[in-house]
file run18.cif (mmCIF, C-alpha atoms and all ligand atoms)
data_upload
loop_
_atom_site.label_atom_id
_atom_site.label_comp_id
_atom_site.auth_asym_id
_atom_site.auth_seq_id
_atom_site.Cartn_x
_atom_site.Cartn_y
_atom_site.Cartn_z
CA MET A 1 0.00 0.00 0.00
CA THR A 2 1.34 3.48 -0.83
CA ALA A 3 2.17 5.90 1.99
CA SER A 4 -0.66 8.16 0.95
CA ALA A 5 -3.21 5.31 0.94
CA THR A 6 -2.00 4.29 4.40
CA ASN A 7 -2.29 7.85 5.70
CA ASP A 8 -5.75 8.16 4.21
CA ILE A 9 -7.01 5.01 5.98
CA ILE A 10 -5.44 6.09 9.27
CA ALA A 11 -7.08 9.51 8.97
CA ARG A 12 -10.46 7.85 8.37
CA ALA A 13 -9.92 5.54 11.34
CA VAL A 14 -9.08 8.50 13.59
CA GLU A 15 -12.30 10.17 12.44
CA VAL A 16 -14.28 7.11 13.64
CA LEU A 17 -12.50 7.15 17.01
CA LYS A 18 -13.15 10.86 17.48
CA GLU A 19 -16.77 10.54 16.45
CA ASN A 20 -17.39 7.91 19.17
CA ASP A 21 -15.27 9.64 21.83
CA GLN A 22 -17.36 10.79 24.81
CA GLY A 23 -14.49 12.62 26.55
CA ALA A 24 -13.32 10.03 29.08
CA TYR A 25 -14.52 6.87 27.34
CA THR A 26 -15.47 5.78 23.84
CA VAL A 27 -18.71 4.09 22.78
CA PRO A 28 -18.28 1.08 20.46
CA THR A 29 -20.63 2.71 17.95
CA LYS A 30 -23.46 5.21 18.22
CA GLY A 31 -26.98 3.76 18.45
CA LEU A 32 -26.31 0.05 18.87
CA TYR A 33 -23.88 0.36 21.82
CA PRO A 34 -24.26 3.74 23.58
CA PHE A 35 -22.18 3.01 26.74
CA GLN A 36 -18.65 1.90 27.66
CA TRP A 37 -17.79 -1.75 26.98
CA ASN A 38 -14.88 -3.36 28.79
CA TRP A 39 -12.73 -5.07 26.15
CA ASP A 40 -13.76 -2.60 23.47
CA SER A 41 -12.27 0.20 25.57
CA CYS A 42 -9.00 -1.57 26.33
CA LEU A 43 -8.33 -2.33 22.67
CA THR A 44 -9.55 1.11 21.63
CA ALA A 45 -6.92 2.67 23.89
CA LEU A 46 -4.23 1.26 21.57
CA GLY A 47 -5.71 3.23 18.68
CA LEU A 48 -6.13 6.40 20.76
CA ALA A 49 -2.48 6.27 21.80
CA HIS A 50 -1.38 6.92 18.24
CA TYR A 51 -2.56 10.50 18.50
CA ASP A 52 -3.21 11.19 22.20
CA GLU A 53 -1.42 9.11 24.83
CA ALA A 54 -3.02 10.83 27.81
CA ARG A 55 -6.47 10.14 26.37
CA ALA A 56 -5.54 6.48 25.86
CA TRP A 57 -4.67 6.06 29.55
CA THR A 58 -7.91 7.81 30.52
CA GLU A 59 -9.94 5.29 28.49
CA ILE A 60 -8.74 2.40 30.66
CA GLU A 61 -8.78 4.42 33.90
CA THR A 62 -12.44 5.29 33.36
CA LEU A 63 -13.27 1.60 33.04
CA PHE A 64 -11.34 0.71 36.21
CA ALA A 65 -12.98 3.55 38.14
CA HIS A 66 -16.04 1.28 38.03
CA GLN A 67 -14.33 -1.88 39.21
CA TRP A 68 -16.35 -3.70 41.85
CA PRO A 69 -15.04 -4.00 45.43
CA ASP A 70 -14.49 -7.74 44.88
CA GLY A 71 -12.17 -7.02 41.92
CA MET A 72 -14.52 -7.71 39.02
CA VAL A 73 -14.47 -5.25 36.13
CA PRO A 74 -17.96 -5.16 34.63
CA HIS A 75 -18.59 -5.65 30.94
CA ILE A 76 -20.69 -2.47 30.54
CA VAL A 77 -20.57 0.86 32.39
CA PHE A 78 -23.82 2.78 31.88
CA HIS A 79 -22.37 6.28 32.22
CA VAL A 80 -25.42 8.06 30.84
CA TRP A 81 -29.09 7.37 30.44
CA ASN A 82 -30.03 5.98 27.03
CA ASP A 83 -33.05 3.83 26.21
CA GLY A 84 -31.61 2.70 22.87
CA TYR A 85 -30.00 -0.41 24.38
CA PHE A 86 -31.43 -3.53 25.98
CA PRO A 87 -30.79 -4.80 28.66
CA GLY A 88 -30.20 -1.48 30.41
CA PRO A 89 -29.49 -0.75 34.10
CA GLU A 90 -33.11 -1.39 35.10
CA VAL A 91 -32.67 -5.03 34.11
CA TRP A 92 -29.24 -5.56 35.67
CA ARG A 93 -29.99 -3.72 38.95
CA THR A 94 -26.48 -4.26 40.30
CA GLY A 95 -26.76 -1.42 42.81
CA ARG A 96 -23.44 0.15 41.86
CA PRO A 97 -22.99 3.95 42.35
CA THR A 98 -22.73 4.31 38.56
CA ALA A 99 -24.88 1.61 36.98
CA THR A 100 -22.94 -1.31 35.51
CA SER A 101 -23.73 -4.78 34.24
CA GLY A 102 -22.99 -7.66 36.63
CA ILE A 103 -20.79 -9.90 34.47
CA THR A 104 -17.33 -9.40 33.02
CA GLN A 105 -15.53 -9.64 29.67
CA PRO A 106 -12.18 -10.87 28.27
CA ALA A 107 -9.34 -9.59 30.45
CA VAL A 108 -7.46 -7.72 27.76
CA ALA A 109 -6.50 -4.76 30.03
CA GLY A 110 -3.18 -6.23 31.22
CA PHE A 111 -2.04 -6.70 27.65
CA ALA A 112 -3.23 -3.23 26.56
CA VAL A 113 -1.60 -1.43 29.47
CA ARG A 114 1.71 -3.15 28.93
CA ARG A 115 1.61 -2.28 25.25
CA LEU A 116 0.80 1.37 26.01
CA PHE A 117 3.64 1.43 28.52
CA ASP A 118 6.22 -0.17 26.21
CA ARG A 119 5.42 2.12 23.32
CA ALA A 120 4.94 5.31 25.33
CA ARG A 121 6.58 8.45 24.01
CA ASP A 122 5.93 10.14 27.37
CA LYS A 123 7.69 7.73 29.76
CA THR A 124 7.00 9.75 32.90
CA LEU A 125 3.29 9.84 32.18
CA ALA A 126 3.29 6.13 31.35
CA ARG A 127 5.02 5.21 34.62
CA GLU A 128 2.59 7.22 36.68
CA ARG A 129 -0.55 5.95 34.93
CA ALA A 130 0.59 2.32 34.67
CA SER A 131 1.61 2.23 38.36
CA ALA A 132 -1.88 3.30 39.40
CA LEU A 133 -3.57 0.69 37.17
CA LEU A 134 -1.25 -2.16 38.12
CA PRO A 135 -2.87 -3.22 41.46
CA LYS A 136 -6.36 -2.83 39.97
CA ILE A 137 -5.64 -5.16 37.08
CA ASP A 138 -3.95 -7.57 39.46
CA ALA A 139 -7.09 -7.56 41.64
CA TRP A 140 -9.20 -8.39 38.58
CA HIS A 141 -6.92 -11.31 37.70
CA ARG A 142 -7.09 -12.58 41.29
CA TRP A 143 -10.88 -12.29 41.15
CA PHE A 144 -10.99 -14.45 38.01
CA TYR A 145 -9.08 -17.33 39.53
CA GLU A 146 -10.84 -17.10 42.91
CA THR A 147 -14.40 -16.96 41.63
CA ARG A 148 -14.31 -18.63 38.21
CA ASP A 149 -11.86 -21.41 38.99
CA PRO A 150 -13.13 -22.54 42.40
CA LYS A 151 -11.31 -25.88 42.23
CA GLY A 152 -7.98 -24.29 41.30
CA GLU A 153 -7.69 -26.04 37.91
CA GLY A 154 -5.82 -23.13 36.31
CA LEU A 155 -8.63 -22.34 33.85
CA VAL A 156 -11.55 -19.98 34.42
CA ALA A 157 -15.13 -20.51 33.24
CA ILE A 158 -17.52 -17.99 31.76
CA ILE A 159 -21.00 -18.12 33.23
CA HIS A 160 -22.78 -16.09 30.54
CA PRO A 161 -22.03 -16.13 26.77
CA TRP A 162 -21.71 -12.32 26.83
CA GLU A 163 -18.64 -12.69 29.04
CA SER A 164 -16.68 -14.32 26.21
CA GLY A 165 -17.57 -11.46 23.88
CA ARG A 166 -18.52 -14.19 21.35
CA ASP A 167 -22.18 -13.93 22.28
CA ASN A 168 -23.90 -16.43 19.98
CA SER A 169 -20.97 -18.70 19.10
CA ILE A 170 -21.84 -22.24 18.04
CA ASP A 171 -19.60 -23.26 20.96
CA TRP A 172 -22.36 -22.46 23.44
CA ASP A 173 -25.30 -24.14 21.67
CA ASP A 174 -25.39 -27.42 23.62
CA ALA A 175 -24.55 -25.96 27.03
CA PHE A 176 -27.10 -23.20 26.42
CA GLU A 177 -29.85 -25.81 26.10
CA ARG A 178 -29.60 -26.21 29.87
CA VAL A 179 -30.57 -22.58 30.44
CA PRO A 180 -34.34 -22.40 30.86
CA THR A 181 -36.55 -19.66 29.48
CA GLU A 182 -39.50 -19.92 31.88
CA GLY A 183 -40.03 -16.79 33.95
CA VAL A 184 -38.23 -14.41 31.61
CA GLU A 185 -39.84 -11.01 32.12
CA PRO A 186 -41.30 -9.47 28.95
CA TYR A 187 -38.80 -7.31 27.06
CA ILE A 188 -38.27 -5.45 23.82
CA ARG A 189 -34.96 -5.84 22.06
CA ARG A 190 -33.31 -2.67 20.77
CA ASP A 191 -30.33 -4.19 18.91
CA THR A 192 -32.57 -5.23 16.02
CA LEU A 193 -33.63 -1.60 15.53
CA HIS A 194 -30.01 -0.70 14.80
CA ALA A 195 -28.75 -3.81 12.98
CA ASP A 196 -30.23 -6.40 10.63
CA PRO A 197 -31.91 -9.11 12.78
CA ALA A 198 -30.43 -11.76 10.47
CA HIS A 199 -26.96 -10.64 11.59
CA ARG A 200 -27.77 -10.79 15.30
CA PRO A 201 -28.49 -13.51 17.90
CA THR A 202 -31.95 -15.12 17.81
CA ARG A 203 -34.90 -14.40 20.08
CA GLU A 204 -34.45 -17.79 21.74
CA GLN A 205 -30.84 -16.94 22.58
CA TYR A 206 -31.93 -13.57 23.99
CA ASP A 207 -34.47 -15.30 26.25
CA ARG A 208 -31.64 -17.39 27.67
CA TYR A 209 -29.27 -14.41 28.01
CA ILE A 210 -31.94 -12.64 30.02
CA TRP A 211 -32.84 -15.69 32.09
CA LEU A 212 -29.22 -15.83 33.26
CA VAL A 213 -29.20 -12.11 34.09
CA GLN A 214 -32.40 -12.51 36.15
CA HIS A 215 -30.97 -15.62 37.86
CA PHE A 216 -27.75 -13.87 38.88
CA ARG A 217 -29.70 -10.78 39.96
CA GLY A 218 -31.81 -13.05 42.17
CA LEU A 219 -28.56 -14.16 43.85
CA GLY A 220 -27.70 -10.55 44.64
CA TRP A 221 -24.79 -10.53 42.16
CA ASP A 222 -22.76 -12.36 44.81
CA ASN A 223 -19.76 -13.66 42.92
CA ALA A 224 -19.02 -16.18 45.65
CA ARG A 225 -22.21 -17.98 44.51
CA LEU A 226 -22.69 -17.25 40.82
CA HIS A 227 -20.25 -19.76 39.29
CA ASP A 228 -21.67 -22.83 41.03
CA ALA A 229 -25.24 -21.60 40.64
CA SER A 230 -24.98 -21.10 36.89
CA PRO A 231 -26.36 -23.80 34.58
CA PHE A 232 -23.89 -22.42 32.02
CA GLN A 233 -20.19 -22.87 32.91
CA VAL A 234 -17.90 -23.09 29.91
CA VAL A 235 -14.11 -23.00 29.79
CA ASP A 236 -13.32 -21.05 26.64
CA PRO A 237 -9.72 -21.43 25.41
CA GLY A 238 -9.75 -17.97 23.79
CA PHE A 239 -11.00 -16.29 26.95
CA ASN A 240 -8.39 -18.11 29.03
CA ALA A 241 -5.61 -17.33 26.56
CA ILE A 242 -6.37 -13.62 26.78
CA LEU A 243 -6.24 -13.82 30.57
CA ILE A 244 -2.99 -15.81 30.45
CA ARG A 245 -1.40 -13.31 28.05
CA ALA A 246 -2.62 -10.43 30.22
CA ALA A 247 -1.19 -12.08 33.34
CA ALA A 248 2.20 -12.61 31.65
CA ASP A 249 2.20 -9.01 30.39
CA LEU A 250 1.18 -7.68 33.79
CA ALA A 251 4.02 -9.68 35.36
CA ASP A 252 6.54 -8.02 33.01
CA LEU A 253 5.03 -4.61 33.65
CA ALA A 254 5.11 -5.14 37.43
CA GLN A 255 8.75 -6.19 37.15
CA ALA A 256 9.57 -3.00 35.24
CA LEU A 257 7.74 -0.94 37.86
CA GLY A 258 9.47 -2.71 40.76
CA ASP A 259 6.48 -4.60 42.19
CA THR A 260 7.87 -8.09 42.63
CA ALA A 261 4.81 -9.49 44.45
CA ILE A 262 2.42 -8.62 41.61
CA ALA A 263 5.00 -9.88 39.12
CA ALA A 264 5.32 -13.25 40.87
CA ALA A 265 1.57 -13.75 41.32
CA ASN A 266 0.84 -13.07 37.67
CA ARG A 267 3.77 -15.14 36.42
CA ALA A 268 2.39 -18.07 38.44
CA ARG A 269 -1.15 -17.56 37.05
CA ALA A 270 0.14 -17.53 33.49
CA GLU A 271 2.30 -20.64 33.96
CA LYS A 272 -0.48 -22.63 35.58
CA GLY A 273 -2.96 -21.53 32.93
CA LEU A 274 -0.65 -22.48 30.07
CA ALA A 275 -0.10 -25.97 31.50
CA ALA A 276 -3.85 -26.45 32.02
CA MET A 277 -4.65 -25.33 28.45
CA GLU A 278 -3.13 -28.58 27.16
CA ARG A 279 -6.33 -30.37 28.23
CA LEU A 280 -8.24 -28.35 25.66
CA TRP A 281 -6.06 -29.25 22.67
CA SER A 282 -7.59 -31.33 19.85
CA ASP A 283 -5.30 -33.03 17.34
CA ALA A 284 -8.32 -33.87 15.19
CA GLN A 285 -9.34 -30.21 14.83
CA GLY A 286 -5.81 -28.75 14.88
CA GLN A 287 -6.93 -26.24 17.50
CA TYR A 288 -8.13 -25.89 21.08
CA LEU A 289 -11.75 -26.66 22.06
CA CYS A 290 -14.08 -25.38 24.76
CA LEU A 291 -14.86 -27.51 27.78
CA ASP A 292 -18.32 -27.75 29.32
CA ARG A 293 -17.49 -27.68 33.01
CA ILE A 294 -20.88 -29.11 34.00
CA THR A 295 -20.65 -32.26 31.87
CA GLY A 296 -16.85 -32.39 32.01
CA LYS A 297 -16.80 -32.93 28.22
CA ARG A 298 -15.03 -31.00 25.48
CA ILE A 299 -17.26 -29.23 22.97
CA ASP A 300 -16.65 -30.35 19.40
CA SER A 301 -16.95 -26.95 17.75
CA ALA A 302 -14.17 -25.46 15.61
CA SER A 303 -14.55 -21.78 16.41
CA VAL A 304 -12.06 -18.95 16.47
CA GLY A 305 -12.08 -19.27 20.27
CA GLY A 306 -9.80 -22.27 19.78
CA ILE A 307 -7.39 -20.36 17.53
CA LEU A 308 -7.17 -17.28 19.75
CA PRO A 309 -4.76 -19.09 22.13
CA ALA A 310 -2.07 -18.16 19.61
CA PHE A 311 -2.16 -14.87 21.55
CA ALA A 312 -0.60 -16.59 24.60
CA ALA A 313 2.84 -18.24 24.89
CA ILE A 314 1.55 -21.71 23.96
CA PRO A 315 4.00 -24.52 23.08
CA THR A 316 5.78 -24.18 19.72
CA ALA A 317 4.03 -27.20 18.19
CA ARG A 318 0.62 -25.78 19.08
CA ALA A 319 1.40 -22.40 17.52
CA GLN A 320 2.61 -24.15 14.40
CA ALA A 321 -0.58 -26.21 14.18
CA LEU A 322 -2.72 -23.08 14.66
CA ALA A 323 -0.81 -21.33 11.85
CA ALA A 324 -1.59 -24.34 9.62
CA THR A 325 -5.26 -24.16 10.64
CA VAL A 326 -5.39 -20.49 9.63
CA GLU A 327 -3.90 -21.43 6.23
CA ARG A 328 -6.48 -24.21 5.86
CA LEU A 329 -9.31 -21.79 6.67
CA ALA A 330 -7.90 -19.36 4.10
CA ALA A 331 -8.50 -21.99 1.43
CA ASN A 332 -12.26 -21.99 2.28
CA ALA A 333 -12.87 -18.35 3.07
CA ARG A 334 -11.87 -15.31 1.05
CA TYR A 335 -11.14 -13.41 4.26
CA VAL A 336 -9.65 -14.87 7.44
CA VAL A 337 -10.15 -15.57 10.28
CA PRO A 338 -13.80 -16.67 10.17
CA SER A 339 -15.30 -16.98 13.65
CA HIS A 340 -16.41 -20.48 12.75
CA ASP A 341 -15.07 -23.07 10.33
CA PRO A 342 -16.96 -22.67 7.01
CA GLY A 343 -16.80 -26.46 6.58
CA ASP A 344 -19.14 -26.94 9.56
CA PRO A 345 -22.84 -27.17 8.56
CA ARG A 346 -23.68 -24.83 11.46
CA PHE A 347 -21.50 -22.05 9.99
CA ASP A 348 -23.49 -18.89 9.20
CA ALA A 349 -21.48 -16.29 7.24
CA LYS A 350 -23.52 -13.31 8.43
CA ARG A 351 -24.73 -14.04 11.95
CA TYR A 352 -22.49 -12.30 14.48
CA TRP A 353 -20.10 -14.88 16.01
CA ARG A 354 -21.27 -17.89 13.97
CA GLY A 355 -19.05 -17.19 10.97
CA PRO A 356 -18.13 -13.51 10.42
CA VAL A 357 -14.60 -12.09 10.67
CA TRP A 358 -13.84 -9.70 13.56
CA LEU A 359 -10.78 -7.48 13.38
CA VAL A 360 -10.04 -7.53 17.12
CA VAL A 361 -9.71 -11.28 17.05
CA ASN A 362 -7.58 -11.05 13.91
CA TYR A 363 -5.32 -8.59 15.70
CA MET A 364 -4.73 -10.85 18.69
CA ILE A 365 -4.17 -13.99 16.60
CA SER A 366 -1.78 -12.31 14.20
CA ASP A 367 0.11 -10.69 17.08
CA GLY A 368 0.65 -14.09 18.68
CA LEU A 369 1.51 -15.89 15.44
CA ALA A 370 4.04 -13.20 14.50
CA ALA A 371 5.65 -13.42 17.95
CA ALA A 372 5.95 -17.20 17.45
CA GLY A 373 7.65 -16.65 14.07
CA HIS A 374 4.69 -17.63 11.86
CA ASN A 375 5.00 -14.54 9.75
CA ASP A 376 3.20 -15.86 6.66
CA ALA A 377 0.03 -16.73 8.56
CA ALA A 378 0.23 -13.45 10.51
CA ARG A 379 0.66 -11.47 7.28
CA ARG A 380 -2.27 -13.26 5.67
CA ILE A 381 -4.50 -12.18 8.57
CA THR A 382 -3.25 -8.59 8.41
CA GLN A 383 -3.81 -8.52 4.66
CA SER A 384 -7.39 -9.84 4.98
CA SER A 385 -8.11 -7.23 7.64
CA LEU A 386 -6.82 -4.37 5.49
CA ASP A 387 -8.65 -5.66 2.40
CA LEU A 388 -11.89 -5.67 4.39
CA ILE A 389 -11.38 -2.08 5.48
CA ARG A 390 -10.57 -0.88 1.99
CA GLU A 391 -13.52 -2.70 0.44
CA SER A 392 -16.15 -2.46 3.17
CA GLY A 393 -15.27 0.31 5.64
CA PHE A 394 -15.17 0.27 9.44
CA ALA A 395 -17.88 -2.30 10.14
CA GLU A 396 -18.53 -4.23 13.34
CA TYR A 397 -17.82 -7.55 11.53
CA TYR A 398 -17.64 -8.94 7.99
CA ASP A 399 -18.88 -11.87 5.91
CA PRO A 400 -15.75 -14.04 5.42
CA LEU A 401 -16.94 -15.25 2.01
CA THR A 402 -18.00 -11.96 0.41
CA GLY A 403 -16.50 -9.24 2.63
CA GLU A 404 -19.96 -7.67 3.14
CA PRO A 405 -19.96 -5.25 6.12
CA LEU A 406 -22.29 -6.47 8.90
CA GLY A 407 -23.73 -5.35 12.24
CA GLY A 408 -23.04 -1.80 13.39
CA GLY A 409 -21.15 0.70 11.25
CA ARG A 410 -18.43 3.27 12.13
CA PHE A 411 -17.09 0.85 14.70
CA THR A 412 -14.53 2.06 17.23
CA TRP A 413 -12.45 -1.03 17.87
CA THR A 414 -12.33 -1.88 14.19
CA ALA A 415 -10.85 1.57 13.57
CA ALA A 416 -8.38 1.15 16.43
CA MET A 417 -7.22 -2.21 15.09
CA VAL A 418 -6.74 -0.84 11.59
CA ILE A 419 -4.39 1.82 12.95
CA GLU A 420 -2.53 -0.93 14.78
CA PHE A 421 -2.28 -3.09 11.66
CA LEU A 422 -1.00 -0.21 9.56
CA ARG A 423 1.48 1.15 12.08
CA HIS A 424 2.80 -2.19 13.22
CA ALA A 425 2.19 -4.47 10.24
CA SER A 426 3.63 -7.91 10.87
C1 LIG A 501 -24.78 -7.04 23.04
O1 LIG A 501 -25.66 -6.43 23.66
O2 LIG A 501 -24.86 -7.38 21.86
C2 LIG A 501 -23.52 -7.28 23.70
O3 LIG A 501 -22.65 -8.08 22.97
C3 LIG A 501 -23.64 -7.75 25.11
O4 LIG A 501 -22.52 -7.24 25.68
#
call {"tool": "encode", "arguments": {"input": "run18.cif", "output": "structure tokens"}}
result
Amino acid sequence: MTASATNDIIARAVEVLKENDQGAYTVPTKGLYPFQWNWDSCLTALGLAHYDEARAWTEIETLFAHQWPDGMVPHIVFHVWNDGYFPGPEVWRTGRPTATSGITQPAVAGFAVRRLFDRARDKTLARERASALLPKIDAWHRWFYETRDPKGEGLVAIIHPWESGRDNSIDWDDAFERVPTEGVEPYIRRDTLHADPAHRPTREQYDRYIWLVQHFRGLGWDNARLHDASPFQVVDPGFNAILIRAAADLADLAQALGDTAIAAANRARAEKGLAAMERLWSDAQGQYLCLDRITGKRIDSASVGGILPAFAAIPTARAQALAATVERLAANARYVVPSHDPGDPRFDAKRYWRGPVWLVVNYMISDGLAAAGHNDAARRITQSSLDLIRESGFAEYYDPLTGEPLGGGRFTWTAAMVIEFLRHAS
């Protein structure tokens, strides 16, 4: 790509970020998602840092200002009133001073903060801001292993599909059958006013999402009870890999900042998690698989959640196999990495996390593959991501077969990732 084409795309990406900037946090996109989302914000901060480092730190600090006393960082912070989104604060009723949801999201903050710190132009600012965030992120990591890994297995479970970020993945279908729908209070969805219903989760899935919210609300959002009380407990390799990478990054950051206790605790979490991940590996699929903690069985579903572990320091042979899996997927999809294997009859090219390509996931996979020396596979992912932007703009997600833009438009984290791809192309 010529320098002027690169500069043009970056300028357009910055426009999207500025358009969605609310001052101290950024909304994922106007209309569909009018509040602050946890992992959106952490990845968005990387894009913000390219033109305003102080603003990038603020993005993550605003999120952590709403951390719960037990250490959890909620998946949504409802900073302002807006009736364009369901389920809003009146459904969650978590009783927090500023309304938040009551579940969490992928723990990408440790990774993002380390990356901001390492790349900082203003080192004094970075030291000050990173030092203040360090114990908060550490508390979140501790919370994960205490409440979502009660038997100390080294892997945490999600208790609601929204926690994974991959809301309607095929991975959850069987386990989700156990979630009842009786007693769900009447509701009106708002997402389908902003996005094509054929690109979103189904009504039946929404009933189950809301049943879980009501169930946890009935337990007073007491995290000491929620894991065991949830009929949905799934160990997602992608979710765990993000936490493991974040723990390793936080350990390095703590070391650089002179906090040896936080460094040691996070190093130990990452090592234990990496060893435990081996139980999720499937030779047959050439990737990791989810585990249903209630049945104790692995879930035979080849989703991108099982490729995302490339983001963590997995064994060399596993990274190599994941690079080969990406190449195999590239033979069946014009754009990689599809969120589900197109060869699976359950694949749906347009429906949210059942097939479409997401640039945040591409970013994390290509980052890990490049670090492991799989530059061809990493470059293929970067190239697909940039082709999608050029052809289809800053969409929420894309059809991997046609490149059609799907879901919400003018999407913040897509824009942030594009800046990352262009400035740090692997
Ligand atoms: C939604 O509302 O679509 C979100 O993914 C839940 O966080």
call {"tool": "atom_distance", "arguments": {"input": "run18.cif", "atom1": "CA of His66 (chain A)", "atom2": "CA of Arg96 (chain A)"}}
result
8.4 Å
call {"tool": "axis_aligned_box", "arguments": {"input": "run18.cif", "around": "region 135-139 of chain A", "padding_each_side": "6 Å", "output": "JSON"}}
result
{"center_x": -5.0, "center_y": -5.2, "center_z": 39.4, "size_x": 16.2, "size_y": 16.7, "size_z": 16.6}
call {"tool": "closest_residue", "arguments": {"input": "run18.cif", "among": "A:Arg208, A:Arg328, A:Arg267, A:Arg190", "to": "ligand LIG 501 (chain A)", "atoms": "only C-alpha atoms and all ligand atoms"}}
result
A:Arg190
call {"tool": "residues_near_point", "arguments": {"input": "run18.cif", "point": "(-30.4, -12.7, 41.5)", "cutoff": "12 Å", "atoms": "only C-alpha atoms", "output": "number ranges by chain"}}
result
A: 91-95, 102, 210-223, 225-226, 229-230
call {"tool": "closest_residue", "arguments": {"input": "run18.cif", "among": "A:Val235, A:Arg119, A:Asn20, A:Tyr209", "to": "ligand LIG 501 (chain A)", "atoms": "all atoms listed in the file"}}
result
A:Tyr209
call {"tool": "closest_residue", "arguments": {"input": "run18.cif", "among": "A:Gly88, A:Pro315, A:Pro342, A:Gly286", "to": "ligand LIG 501 (chain A)", "atoms": "only C-alpha atoms and all ligand atoms"}}
result
A:Gly88
call {"tool": "atom_distance", "arguments": {"input": "run18.cif", "atom1": "CA of Leu274 (chain A)", "atom2": "CA of Thr325 (chain A)"}}
result
20.0 Å
call {"tool": "closest_atom_pairs", "arguments": {"input": "run18.cif", "of": "region 36-111 of chain A", "to": "region 354-365 of chain A", "cutoff": "12 Å", "atoms": "all atoms listed in the file", "output": "Markdown table"}}
result
| residue | atom | partner | partner_atom | distance |
| --- | --- | --- | --- | --- |
| A:Trp39 | CA | A:Val360 | CA | 9.7 |
| A:Asp40 | CA | A:Val360 | CA | 8.9 |
| A:Ser41 | CA | A:Val360 | CA | 11.7 |
| A:Cys42 | CA | A:Val360 | CA | 11.0 |
| A:Leu43 | CA | A:Val360 | CA | 7.8 |
| A:Thr44 | CA | A:Val360 | CA | 9.8 |
| A:Leu46 | CA | A:Val360 | CA | 11.4 |
| A:Gly47 | CA | A:Val360 | CA | 11.7 |
| A:Pro106 | CA | A:Val361 | CA | 11.5 |
| A:Val108 | CA | A:Met364 | CA | 10.0 |
| A:Phe111 | CA | A:Met364 | CA | 10.2 |
call {"tool": "write_last_selection", "arguments": {"input": "run18.cif", "atoms": "C-alpha atoms", "output": "PDB file, keeping the file's coordinate frame"}}
result
ATOM      1  CA  TRP A  39     -12.730  -5.070  26.150  1.00  0.00           C
ATOM      2  CA  ASP A  40     -13.760  -2.600  23.470  1.00  0.00           C
ATOM      3  CA  SER A  41     -12.270   0.200  25.570  1.00  0.00           C
ATOM      4  CA  CYS A  42      -9.000  -1.570  26.330  1.00  0.00           C
ATOM      5  CA  LEU A  43      -8.330  -2.330  22.670  1.00  0.00           C
ATOM      6  CA  THR A  44      -9.550   1.110  21.630  1.00  0.00           C
ATOM      7  CA  LEU A  46      -4.230   1.260  21.570  1.00  0.00           C
ATOM      8  CA  GLY A  47      -5.710   3.230  18.680  1.00  0.00           C
ATOM      9  CA  PRO A 106     -12.180 -10.870  28.270  1.00  0.00           C
ATOM     10  CA  VAL A 108      -7.460  -7.720  27.760  1.00  0.00           C
ATOM     11  CA  PHE A 111      -2.040  -6.700  27.650  1.00  0.00           C
TER      12      PHE A 111
END
call {"tool": "residues_near_ligand", "arguments": {"input": "run18.cif", "ligand": "ligand LIG 501 (chain A)", "cutoff": "8 Å", "atoms": "only C-alpha atoms and all ligand atoms", "output": "MDAnalysis selection string"}}
result
chainID A and resid 33 37 75:76 85:87 162:163 165:167 191 200
call {"tool": "atom_distance", "arguments": {"input": "run18.cif", "atom1": "CA of Ala195 (chain A)", "atom2": "CA of Val77 (chain A)"}}
result
21.6 Å
call {"tool": "closest_residue", "arguments": {"input": "run18.cif", "among": "A:Thr26, A:Ser164, A:Thr192, A:Thr58", "to": "Gly84 (chain A)", "atoms": "only C-alpha atoms"}}
result
A:Thr192
call {"tool": "closest_residue", "arguments": {"input": "run18.cif", "among": "A:Ala49, A:Ala312, A:Leu134, A:Leu32", "to": "Gln255 (chain A)", "atoms": "only C-alpha atoms"}}
result
A:Leu134
call {"tool": "closest_residue", "arguments": {"input": "run18.cif", "among": "A:Asp207, A:Glu391, A:Asp83, A:Asp118", "to": "Asp252 (chain A)", "atoms": "only C-alpha atoms"}}
result
A:Asp118
